[in-house]
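Below is one structure, written out as C-alpha cells, with a few remarks after it.
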Amino acid sequence: MKNINTIEDMKAVARRRVPKMFYDYVDSGSWTGSTYKANQDDFKSISLRQRVMVDIAKRNLNTKMIGHSVTIPVAIAPTGLTGMQRADGEILAAKAAESFGIPYTLSTMSICSIEDVAKNTSSPFWFQLYVMKDREFIGKLIDRAKAAGCSALVLTADLQIIGQRHNDIKNGLSIPPKPTLKTLINLSTKIRWCSEILRTKNKSFGNIKGHINDGSSLNDLSKWVASQFDPTLSWDDVKWIKERWQGPLIVKGIMEVDDARKAIDSGADAIIVSNHGGRQLDGALSSVRALPSIVDAVGEKVEIHMDGGIMSGQDVFKSLALGAKGVYIGRAHLYGLAAYGEKGVKKSLDIIREELDKTLALCGLNDIKKVDKKIIIKDW
Ligand SMILES: Cc1cc2nc3c(=O)[nH]c(=O)nc-3n(C[C@H](O)[C@H](O)[C@H](O)COP(=O)(O)O)c2cc1C
C-alpha cells in the first residue's frame, strides 16, 4: 500500500477498483449534496490549540463506547451493500475491526448475513436495525442478532423513506447490476472485482433473503424501501424494540435536542448525532454543528456518539472535543475496503489512529479522555 497516507489516497484507489454504480452509491449525498459536503467542510472551520512543554511521551487512546473497550473511540458505521464494494465486504470489514479492537456495526441491508459475519469473527459486533412494516419479520431479525451474540442494537431513525440520490437513479443502481451495455463495459474494466464477486455465494441481501422476492433481486432499491420500510415508525415502537432486544440500544439519526430527549425517554442507552452521511435530508445542518447543543442539553443523561464527514483522526479529535464519546466512520472504511479488502480497512483505521495520536500529542495532551472543548477554537 505504497503512497497511501490519507483516506483521500484510499478513496482514489477505491474509485478505480469498484464498478461505477457502487462507487457512486458511496460517494454521494441526496439532492444537491450540500449536507454531505457540509459534514466534511464544517470540521475545517474548527481550529486546534497548539500546547507545548507537556510530557507527551506516553499517550493513551483507549477508552469505552457504551461500556465496550475500544482502542480508539471509533466504530465502523453500518453501511448497506458493503459486499458490493468488495466480495464478502462485511466479513472482511468486521474482521479488520475485530483485529483493530473497535466495534463493527452490521447493516440490516448488508450482503453478508448476521450469521455469516458471526461465523467469521469471534468478538461480538453490533447490529443496525431498519424497521419494516412486517413487524413479525423485524422481531425475528432482532432475535437473530441476539442469537448471533451481537452486543448492541443500533436503531436507525432517519430512513423510513429514502432521500433521493441522483447518481443512483442515473446509474440504475440494482442488486445484482442489470446487464446493460453501459454497465457491462464498466464491469469489463473491473476484473478483480468481478472475479471475486463471481466466486462468493454472497451476492444479495443476506439478512432479508426469503422475506421478499427471495431477496435475490432488488431492481429498484428506492421503490423496494418505499414498499417495505414503515413510515409510521414512532417513539412508541422504540419501547417494544427495546423490550424484544433486552440489550444496549443506540438510536441513530438524532439531530435535534427535542428528539434526543424523546430517544432517552424511549430507553436509548446512547444516541448517534447523525444525518445519515448527508444521504437523507439535504439542507440539514452538518452533524458536527448539531452536536454541541445536544451535548449541552442531554450529555449528562445519555452517551452521545456522532458520525458524518469523518475522514481523519483530526475530525475524530474535534468531535470528542465537542463532547462526543465516540464516532463512527462510514465512507472512510468503505474506501479502504474497496481499495484493498480487509487490509485496506485496517490501513484506514491505522491512518486515523496515527492522526489522532499525533494531534493529541501536539495539543499537549496524553490521554484521549482529557480532550474537551478548551482545546479547540470555533467561531460558531
Ligand atoms: C454507502 C453507504 C451506505 C449506508 N447504509 C446505511 C445503512 O444501511 N444503515 C444505516 O443506518 N446507515 C447507513 N449509512 C449511513 C452511515 O451509517 C453513516 O451514518 C454515514 O456514513 C456517516 O457519514 P460518513 O460516511 O461521512 O462517515 C450508509 C452510508 C453510506 C455512505
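Letters A, B, ... mark the chains of the C-alpha cells in the order given; residue numbers begin at 1 per chain; ligand numbers begin at 1, in order shown.
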
- Task: For ligand 1, list the contacting residues at 7 Å or closer, counting only C-alpha atoms and all ligand atoms, as a count of residues only.
- Result: 29

- DSSP on the backbone: what in stretch 105-342 of chain A comes out strand (DSSP E), as a ChimeraX atom specification? /A:105-106,126-129,152-156,249-254,270-273,303-307,326-329

Those residues with C-alpha atoms, as a PDB file, in the first residue's frame please?
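Dumped to result_2.pdb:
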ATOM      1  CA  THR A 105     -21.871  -2.366  13.018  1.00  0.00           C
ATOM      2  CA  LEU A 106     -23.596  -4.628  10.505  1.00  0.00           C
ATOM      3  CA  TRP A 126     -23.274  -4.523  16.705  1.00  0.00           C
ATOM      4  CA  PHE A 127     -26.387  -4.848  14.554  1.00  0.00           C
ATOM      5  CA  GLN A 128     -28.178  -1.933  12.867  1.00  0.00           C
ATOM      6  CA  LEU A 129     -31.932  -2.237  12.512  1.00  0.00           C
ATOM      7  CA  ALA A 152     -25.637  -3.631  20.840  1.00  0.00           C
ATOM      8  CA  LEU A 153     -28.595  -2.787  18.640  1.00  0.00           C
ATOM      9  CA  VAL A 154     -28.355   0.405  16.579  1.00  0.00           C
ATOM     10  CA  LEU A 155     -31.834   1.560  15.610  1.00  0.00           C
ATOM     11  CA  THR A 156     -31.791   3.887  12.614  1.00  0.00           C
ATOM     12  CA  LEU A 249     -29.882   0.218  22.431  1.00  0.00           C
ATOM     13  CA  ILE A 250     -28.348   3.039  20.382  1.00  0.00           C
ATOM     14  CA  VAL A 251     -30.670   5.358  18.456  1.00  0.00           C
ATOM     15  CA  LYS A 252     -29.074   6.693  15.263  1.00  0.00           C
ATOM     16  CA  GLY A 253     -30.112   9.762  13.307  1.00  0.00           C
ATOM     17  CA  ILE A 254     -30.704  12.363  16.039  1.00  0.00           C
ATOM     18  CA  ALA A 270     -26.792   6.057  23.609  1.00  0.00           C
ATOM     19  CA  ILE A 271     -27.685   8.269  20.653  1.00  0.00           C
ATOM     20  CA  ILE A 272     -25.839   8.966  17.435  1.00  0.00           C
ATOM     21  CA  VAL A 273     -25.941  12.546  16.210  1.00  0.00           C
ATOM     22  CA  GLU A 303     -23.841   8.710  25.955  1.00  0.00           C
ATOM     23  CA  ILE A 304     -23.555  10.749  22.788  1.00  0.00           C
ATOM     24  CA  HIS A 305     -21.895   9.448  19.639  1.00  0.00           C
ATOM     25  CA  MET A 306     -21.720  11.121  16.259  1.00  0.00           C
ATOM     26  CA  ASP A 307     -20.988  10.386  12.624  1.00  0.00           C
ATOM     27  CA  GLY A 326     -17.199   8.088  20.224  1.00  0.00           C
ATOM     28  CA  VAL A 327     -17.658   8.417  16.467  1.00  0.00           C
ATOM     29  CA  TYR A 328     -18.440   6.167  13.512  1.00  0.00           C
ATOM     30  CA  ILE A 329     -16.835   6.050  10.093  1.00  0.00           C
TER      31      ILE A 329
END

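The residue that comes closest to A:Asp269, out of A:Ile197, A:Val117, A:Val302, A:Met84 and on the basis of only C-alpha atoms, is A:Val302.
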
- Within 12 Å of A:His68 using only C-alpha atoms, minus same-chain residues under 2 positions, as a ChimeraX atom specification: /A:62-66,70-75,101-104,123-126,151-152,248,325-326

So that I have them on file, write out the residues from the current selection with C-alpha atoms, as a PDB file, in the first residue's frame.
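Wrote it out as out06.pdb, contents follow:
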ATOM      1  CA  ASN A  62      -8.057   3.541  24.774  1.00  0.00           C
ATOM      2  CA  THR A  63     -11.497   4.308  26.099  1.00  0.00           C
ATOM      3  CA  LYS A  64     -15.019   2.876  26.155  1.00  0.00           C
ATOM      4  CA  MET A  65     -18.102   3.171  23.973  1.00  0.00           C
ATOM      5  CA  ILE A  66     -21.267   2.054  25.829  1.00  0.00           C
ATOM      6  CA  VAL A  70     -12.095   0.376  22.249  1.00  0.00           C
ATOM      7  CA  THR A  71      -8.510   1.002  21.137  1.00  0.00           C
ATOM      8  CA  ILE A  72      -9.667   4.329  19.691  1.00  0.00           C
ATOM      9  CA  PRO A  73     -13.136   5.879  20.138  1.00  0.00           C
ATOM     10  CA  VAL A  74     -14.218   4.962  16.630  1.00  0.00           C
ATOM     11  CA  ALA A  75     -16.710   2.338  15.457  1.00  0.00           C
ATOM     12  CA  GLY A 101     -10.128  -3.534  18.629  1.00  0.00           C
ATOM     13  CA  ILE A 102     -13.169  -1.460  17.721  1.00  0.00           C
ATOM     14  CA  PRO A 103     -16.856  -2.319  17.152  1.00  0.00           C
ATOM     15  CA  TYR A 104     -18.244  -3.232  13.736  1.00  0.00           C
ATOM     16  CA  SER A 123     -15.785 -10.740  19.115  1.00  0.00           C
ATOM     17  CA  PRO A 124     -19.377  -9.557  19.243  1.00  0.00           C
ATOM     18  CA  PHE A 125     -20.370  -6.997  16.640  1.00  0.00           C
ATOM     19  CA  TRP A 126     -23.274  -4.523  16.705  1.00  0.00           C
ATOM     20  CA  SER A 151     -23.723  -6.787  21.800  1.00  0.00           C
ATOM     21  CA  ALA A 152     -25.637  -3.631  20.840  1.00  0.00           C
ATOM     22  CA  PRO A 248     -27.934  -1.913  24.897  1.00  0.00           C
ATOM     23  CA  LYS A 325     -17.845   9.903  23.477  1.00  0.00           C
ATOM     24  CA  GLY A 326     -17.199   8.088  20.224  1.00  0.00           C
TER      25      GLY A 326
END

- Item | Near-A:Ser28 list (8 Å; only C-alpha atoms; drop same-chain fewer than 3 positions) as a ChimeraX atom specification | /A:24-25,33,36,165,167,279

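With only C-alpha atoms as the atoms that count, the residue of A:Ile175, A:Gly364, A:Met132, A:Trp380 with the shortest distance to A:Ala226 is A:Met132.
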
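Considering the residues A:Leu221, A:Val257, A:Ala338, A:Ala290 and counting only C-alpha atoms, A:Arg17 has its shortest atom-to-atom contact with A:Ala338.
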
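Taking only C-alpha atoms into account, A:Arg49 lies nearest to A:Ala321 out of the set A:Lys347, A:Ala321, A:Gln280, A:Lys203.
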
- Between A:Leu173, A:Met255, A:Ile376, A:Val288, which has the minimum distance to A:Ala157 (counting only C-alpha atoms)? A:Met255
